[in-house]
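Shown here: run.cif, mmCIF, C-alpha atoms.
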data_upload
loop_
_atom_site.label_atom_id
_atom_site.label_comp_id
_atom_site.auth_asym_id
_atom_site.auth_seq_id
_atom_site.Cartn_x
_atom_site.Cartn_y
_atom_site.Cartn_z
CA ASP D 1 75.26 115.15 93.51
CA VAL D 2 74.01 117.92 95.77
CA GLY D 3 74.92 115.94 98.89
CA GLN D 4 78.54 115.55 97.84
CA CYS D 5 81.63 117.72 97.48
CA PRO D 6 81.11 120.04 94.45
CA ARG D 7 84.68 119.49 93.25
CA LYS D 8 84.25 115.72 93.24
CA VAL D 9 80.90 115.97 91.43
CA VAL D 10 82.28 118.28 88.75
CA LEU D 11 85.40 116.20 88.13
CA SER D 12 83.33 113.00 87.95
CA LYS D 13 81.38 114.60 85.09
CA THR D 14 84.28 116.26 83.28
CA GLN D 15 87.22 113.95 84.09
CA SER D 16 85.59 110.63 84.86
CA VAL D 17 87.72 107.70 85.97
CA PRO D 18 86.85 104.00 85.52
CA HIS D 19 85.21 102.46 88.57
CA ASP D 20 87.16 99.70 90.29
CA LEU D 21 85.52 96.41 91.19
CA GLN D 22 84.94 97.48 94.81
CA THR D 23 83.00 100.56 93.69
CA LEU D 24 80.94 98.55 91.22
CA ILE D 25 80.06 96.11 94.00
CA ARG D 26 78.91 99.03 96.19
CA PHE D 27 76.68 100.26 93.36
CA GLU D 28 75.17 96.81 92.89
CA ARG D 29 74.67 96.50 96.64
CA GLY D 30 72.61 99.70 96.54
CA ASN D 31 70.49 98.30 93.71
CA LEU D 32 69.93 95.13 95.72
CA VAL D 33 68.68 97.12 98.71
CA GLU D 34 66.14 98.89 96.49
CA ARG D 35 64.87 95.55 95.19
CA ILE D 36 64.56 94.19 98.74
CA VAL D 37 62.56 97.23 99.87
CA GLU D 38 60.36 97.01 96.78
CA LYS D 39 59.54 93.36 97.54
CA ALA D 40 58.75 94.24 101.17
CA LEU D 41 56.40 97.05 100.13
CA ASN D 42 54.64 94.80 97.63
CA HIS D 43 54.27 92.07 100.23
CA ALA D 44 52.75 94.56 102.68
CA GLY D 45 50.36 95.90 100.03
CA ILE D 46 51.69 99.46 100.33
CA LYS D 47 51.16 101.65 97.27
CA TYR D 48 54.17 103.59 96.05
CA ASP D 49 55.88 105.06 92.99
CA PRO D 50 59.45 103.79 92.39
CA GLN D 51 62.30 105.58 90.63
CA VAL D 52 60.56 108.95 90.41
CA GLU D 53 62.29 111.89 88.73
CA ILE D 54 61.38 115.32 90.12
CA ILE D 55 62.45 118.44 88.19
CA HIS D 56 62.72 121.99 89.50
CA PRO D 57 59.81 123.90 87.92
CA LYS D 58 61.97 126.94 87.06
CA LEU D 59 65.42 125.38 86.73
CA PRO D 60 65.04 122.27 84.52
CA HIS D 61 68.71 121.30 84.87
CA ILE D 62 68.11 120.70 88.60
CA LYS D 63 66.40 117.41 89.30
CA ALA D 64 66.28 114.57 91.79
CA HIS D 65 65.85 110.82 91.50
CA LEU D 66 63.65 109.41 94.27
CA ASP D 67 63.94 105.75 95.24
CA PHE D 68 60.35 105.61 96.49
CA MET D 69 57.52 108.15 96.72
CA PHE D 70 54.24 107.60 98.57
CA SER D 71 51.30 109.82 97.57
CA ARG D 72 48.45 110.12 100.06
CA GLN D 73 45.40 112.37 100.22
CA ASN D 74 46.87 114.43 103.04
CA GLU D 75 50.64 114.18 102.43
CA ILE D 76 53.51 112.98 100.25
CA ALA D 77 56.36 110.90 101.65
CA VAL D 78 59.82 110.28 100.19
CA LEU D 79 62.01 107.29 101.07
CA GLU D 80 65.72 107.16 100.27
CA THR D 81 67.48 103.81 100.72
CA LYS D 82 71.13 103.26 101.60
CA SER D 83 73.32 100.16 101.80
CA VAL D 84 76.06 100.19 104.43
CA SER D 85 78.58 97.83 106.00
CA ASN D 86 77.77 99.13 109.48
CA ILE D 87 74.79 101.24 110.47
CA PRO D 88 75.99 104.62 111.83
CA ASP D 89 74.64 106.16 115.02
CA ALA D 90 73.55 109.24 113.08
CA PRO D 91 72.92 109.89 109.38
CA TYR D 92 75.81 111.23 107.33
CA PRO D 93 75.55 114.92 106.36
CA SER D 94 75.37 113.95 102.67
CA TRP D 95 72.28 111.83 103.37
CA ILE D 96 70.60 114.72 105.18
CA GLN D 97 71.34 117.09 102.31
CA GLN D 98 70.05 114.59 99.78
CA ILE D 99 66.73 113.89 101.52
CA HIS D 100 66.09 117.60 102.15
CA PHE D 101 66.83 118.37 98.49
CA GLN D 102 64.38 115.68 97.39
CA ILE D 103 61.70 116.87 99.80
CA GLY D 104 62.14 120.46 98.63
CA LEU D 105 61.76 119.59 94.95
CA VAL D 106 58.64 117.53 95.67
CA ALA D 107 57.22 120.44 97.71
CA LEU D 108 57.81 122.85 94.81
CA ASN D 109 55.86 120.57 92.49
CA ASN D 110 53.09 119.82 95.03
CA SER D 111 52.64 123.01 97.02
CA SER D 112 49.22 122.05 98.43
CA LEU D 113 50.41 119.00 100.40
CA PRO D 114 52.96 118.63 103.20
CA VAL D 115 56.02 116.53 102.31
CA ARG D 116 58.07 114.42 104.68
CA GLY D 117 61.00 112.10 104.14
CA ALA D 118 63.08 109.31 105.63
CA VAL D 119 66.34 107.47 105.00
CA LEU D 120 66.23 103.68 105.32
CA VAL D 121 69.67 102.20 105.99
CA ILE D 122 70.27 98.46 105.55
CA ASP D 123 73.30 96.35 106.42
CA LEU D 124 73.03 93.44 103.99
CA SER D 125 75.61 91.29 105.79
CA SER D 126 73.81 91.32 109.15
CA GLY D 127 70.26 91.95 107.97
CA GLU D 128 69.96 94.89 110.36
CA PHE D 129 68.26 98.12 109.33
CA HIS D 130 67.42 101.54 110.73
CA VAL D 131 65.16 104.37 109.64
CA PHE D 132 66.28 107.98 110.10
CA ASN D 133 62.88 109.63 110.04
CA ASP D 134 60.83 112.81 110.50
CA TYR D 135 62.44 115.03 107.87
CA SER D 136 60.14 117.76 106.57
CA HIS D 137 60.43 120.61 104.09
CA ASN D 138 62.95 123.20 105.30
CA PRO D 139 62.82 126.17 102.89
CA PRO D 140 66.05 127.92 104.06
CA LEU D 141 68.02 124.66 103.88
CA PHE D 142 66.50 123.78 100.51
CA ASP D 143 67.34 127.24 99.10
CA GLY D 144 70.95 126.75 100.14
CA LEU D 145 71.03 123.34 98.43
CA VAL D 146 69.59 124.88 95.25
CA GLN D 147 72.40 127.47 95.33
CA LYS D 148 74.88 124.61 95.72
CA ALA D 149 73.31 122.81 92.74
CA GLU D 150 73.55 125.99 90.68
CA HIS D 151 77.22 126.34 91.62
CA ILE D 152 77.87 122.75 90.51
CA TRP D 153 76.05 123.41 87.23
CA SER D 154 78.12 126.55 86.59
CA ALA D 155 81.34 124.68 87.39
CA VAL D 156 80.43 121.82 85.04
CA ASN D 157 79.94 124.42 82.30
CA GLY D 158 83.34 125.95 83.06
CA ASP D 159 82.07 129.26 84.43
CA VAL D 160 83.51 128.91 87.97
CA GLU D 161 85.94 126.72 89.89
CA PRO D 162 84.10 124.29 92.17
CA TYR D 163 84.66 124.65 95.87
CA THR D 164 85.47 121.72 98.14
CA GLU D 165 83.63 120.14 101.05
CA LYS D 166 85.70 117.99 103.38
CA ASP D 167 83.90 115.03 104.95
CA ILE D 168 84.22 111.28 105.49
CA LEU D 169 83.60 110.59 101.78
CA CYS D 170 87.00 112.15 101.01
CA THR D 171 88.49 108.83 102.08
CA TRP D 172 87.18 107.15 98.92
CA CYS D 173 87.40 110.10 96.52
CA PRO D 174 89.40 109.24 93.36
CA TYR D 175 90.38 112.93 93.01
CA ARG D 176 91.81 113.35 96.52
CA GLN D 177 95.50 113.40 95.56
CA SER D 178 95.14 116.69 93.66
CA CYS D 179 92.54 118.21 96.01
CA PRO D 180 93.46 121.60 97.54
CA GLU D 181 92.22 120.35 100.92
CA PHE D 182 95.06 117.81 101.05
CA LEU D 183 97.95 119.68 99.42
CA ASN D 184 101.01 121.09 101.24
CA GLN D 185 100.71 118.66 104.14
CA ASP D 186 103.40 116.33 105.43
CA LEU D 187 100.65 113.78 106.09
CA VAL D 188 97.20 113.75 104.56
CA ASP D 189 94.68 114.71 107.25
CA LEU D 190 91.77 112.33 106.63
CA PRO D 191 88.37 113.37 108.00
CA ILE D 192 87.91 110.11 109.92
CA GLN D 193 89.18 111.02 113.40
CA LYS D 194 85.98 109.79 115.07
CA GLU D 195 86.20 106.43 113.28
CA VAL D 196 89.90 106.00 114.20
CA GLU D 197 89.21 106.76 117.85
CA GLU D 198 86.33 104.28 117.85
CA TYR D 199 88.64 101.67 116.26
CA LEU D 200 91.26 102.15 118.97
CA SER D 201 88.61 101.92 121.66
CA LEU D 202 87.25 98.67 120.20
CA LYS D 203 90.78 97.23 119.94
CA GLU D 204 91.21 97.79 123.68
CA THR D 205 87.82 96.17 124.28
CA GLU D 206 88.90 93.25 122.08
CA LYS D 207 91.95 92.64 124.29
CA SER D 208 89.82 92.68 127.43
CA VAL D 209 87.17 90.42 125.93
CA LYS D 210 89.80 87.92 124.72
CA ALA D 211 91.32 87.73 128.21
CA ASP D 212 87.87 87.11 129.73
CA LEU D 213 87.11 84.46 127.09
CA ASP D 214 90.40 82.66 127.77
CA THR D 215 89.69 82.62 131.51
CA LEU D 216 86.15 81.30 131.09
CA LYS D 217 87.25 78.73 128.52
CA ALA D 218 89.89 77.36 130.91
CA LEU D 219 87.36 77.16 133.74
CA ILE D 220 84.76 75.34 131.59
CA GLU D 221 87.35 72.89 130.22
CA GLU D 222 88.58 72.10 133.73
CA ALA D 223 85.02 71.49 134.94
CA VAL D 224 83.98 69.15 132.11
CA ARG D 225 87.31 67.30 131.73
CA PRO D 226 86.52 64.43 134.17
CA TYR D 227 83.27 63.67 132.32
CA GLY D 228 84.02 64.47 128.68
CA GLU D 229 80.42 65.61 128.24
CA ALA D 230 78.11 67.38 130.67
CA GLN D 231 75.23 69.79 130.92
CA ALA D 232 75.03 73.30 132.36
CA GLY D 233 71.41 74.35 132.50
CA GLU D 234 70.13 74.25 128.93
CA HIS D 235 73.63 74.04 127.46
CA THR D 236 75.51 70.87 126.52
CA ILE D 237 79.29 70.92 126.94
CA LYS D 238 81.66 68.52 125.20
CA LEU D 239 85.44 68.27 125.48
CA LYS D 240 86.98 66.15 122.75
CA SER D 241 90.58 65.40 121.87
CA SER D 242 91.56 65.99 118.27
CA THR D 243 94.68 64.93 116.39
CA ARG D 244 96.31 66.83 113.59
CA THR D 245 99.55 66.32 111.66
CA SER D 246 101.63 69.35 110.78
CA LEU D 247 105.06 70.03 109.34
CA ASP D 248 107.78 70.93 111.82
CA THR D 249 109.26 73.71 109.71
CA LYS D 250 111.72 74.77 112.41
CA SER D 251 113.38 71.33 112.53
CA LEU D 252 113.25 70.99 108.77
CA MET D 253 115.00 74.33 108.33
CA ALA D 254 117.67 73.32 110.84
CA GLU D 255 118.39 69.90 109.30
CA HIS D 256 117.67 70.48 105.62
CA PRO D 257 117.96 74.22 104.88
CA GLU D 258 118.59 73.54 101.17
CA ILE D 259 115.16 71.90 100.85
CA CYS D 260 113.37 74.73 102.63
CA GLY D 261 115.11 77.25 100.42
CA GLU D 262 113.67 75.63 97.32
CA PHE D 263 110.12 75.94 98.61
CA ASN D 264 110.20 79.35 100.26
CA LYS D 265 107.28 81.55 99.26
CA THR D 266 107.16 85.33 99.60
CA SER D 267 103.79 87.05 99.84
CA THR D 268 102.71 90.66 100.31
CA PHE D 269 100.06 91.70 102.79
CA ASN D 270 98.77 94.88 104.44
CA ARG D 271 99.23 95.62 108.13
CA LEU D 272 97.44 98.55 109.75
CA TYR D 273 99.28 100.66 112.35
CA VAL D 274 97.31 103.27 114.31
CA SER D 275 98.83 105.31 117.10
#

Is it possible to give me this structure as structure tokens?
Amino acid sequence: DVGQCPRKVVLSKTQSVPHDLQTLIRFERGNLVERIVEKALNHAGIKYDPQVEIIHPKLPHIKAHLDFMFSRQNEIAVLETKSVSNIPDAPYPSWIQQIHFQIGLVALNNSSLPVRGAVLVIDLSSGEFHVFNDYSHNPPLFDGLVQKAEHIWSAVNGDVEPYTEKDILCTWCPYRQSCPEFLNQDLVDLPIQKEVEEYLSLKETEKSVKADLDTLKALIEEAVRPYGEAQAGEHTIKLKSSTRTSLDTKSLMAEHPEICGEFNKTSTFNRLYVS
């Protein structure tokens, strides 16, 4: 909670909405990542404590749930796991807040040992992973996060109105339509400018790559055509003719429009426009 927008956290506890299938799949994907990491740690013979709850010694309503904790003679380490569709170049601010909050609570309960933390990010579709490492206890940052947690607690109890924090997670927030950050605007200003610019850049790259692929494909086909099959270094190249039967809908529409009309099908689809 402490890594998210206070307004979203409070509303999720006081005005909860049913999770759609996509959200439930994301939750299950996160659970799967934890199980994968647990199997890897067991296989490597690394000792750890899973699913650890750490409570603030003076504020019992403030607590953290650690995915994995490693207790050593000279230090304590915390590992937070995340499942993503694409691994980002840098950790999201919410991840940084979360790991620092966890480290701080562990440090309060184990003042004699240094505490460090890391965020392990896994892309299940590609099998790629990355570790954002070397986080250590930062008392000023932790104190600010405790104040944020206290604010959330007061707002949940109805004592104050929760403030908002605008970030990339706003895109998926179920309470965005009534959020003060997005009211009185002709168009909703989503906090994903960097991602949109990267998308446009990749689209331009896609066009260039496709043109290069078409050129190389034509050259390779022309070279192998007299032989049907050939070799280029360690690569085998084959050019085969294939036959397929398809319906000439244009001619059918011209000659028998009444038949086409009986079998017309209308479907709805999404098309993304970015300018």

Selection: 8 Å around Arg7 of chain D, all atoms listed in the file, excl. self and same-chain fewer than 6 positions, as a PDB file with C-alpha atoms, keeping the file's coordinate frame:
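Result file selection-v2.pdb:
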ATOM      1  CA  PRO D 162      84.100 124.290  92.170  1.00  0.00           C
ATOM      2  CA  TYR D 163      84.660 124.650  95.870  1.00  0.00           C
ATOM      3  CA  THR D 164      85.470 121.720  98.140  1.00  0.00           C
ATOM      4  CA  GLU D 165      83.630 120.140 101.050  1.00  0.00           C
TER       5      GLU D 165
END

Quiz item: For the file shown, what are the residues hit by the PyMOL selection byres ((chain D and resi 49-54) around 8), laid out as a list in words?
Solution: Lys47, Tyr48, Ile55, His56, Lys63, Ala64, His65, Leu66, Asp67, Phe68, Met69, Phe70, Gln102, Leu105, Val106 and Asn109 of chain D

Practice problem: Starting from the shown file, work through the PyMOL selection byres ((chain D and resi 73-90) around 10) and note down what comes out as a PyMOL selection string. | Solution: chain D and resi 26-34+37+48-50+52+65-72+91-93+95+98-100+102-103+106-107+110+112-126+128-133+135-136

Exercise. Determine, counting all atoms listed in the file, which protein, DNA and RNA residues have an atom within 7 Å of an atom of segment 142-148 of chain D; residues of the same chain fewer than 6 positions away are not included. Present the result as a ChimeraX atom specification.
Key: /D:2,100-101,104

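With atom CA of Ala149 of chain D on one side and atom CA of Asp1 of chain D on the other, the separation reads 7.9 Å.
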
Practice problem: Write out as a list in words which residues come within 8 Å of segment 9-25 of chain D when counting only C-alpha atoms, dropping same-chain ones fewer than 5 positions away. | Solution: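 Neighbouring residues, sequence-local ones excluded: Asp1, Gln4, Ile152, Ala155, Val156, Pro162, Pro174 and Tyr175 of chain D.
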
Quiz prompt | Near-Ile192 of chain D list (12 Å; all atoms listed in the file; drop same-chain fewer than 5 positions) as a PyMOL selection string | solution = chain D and resi 166-172+197-199
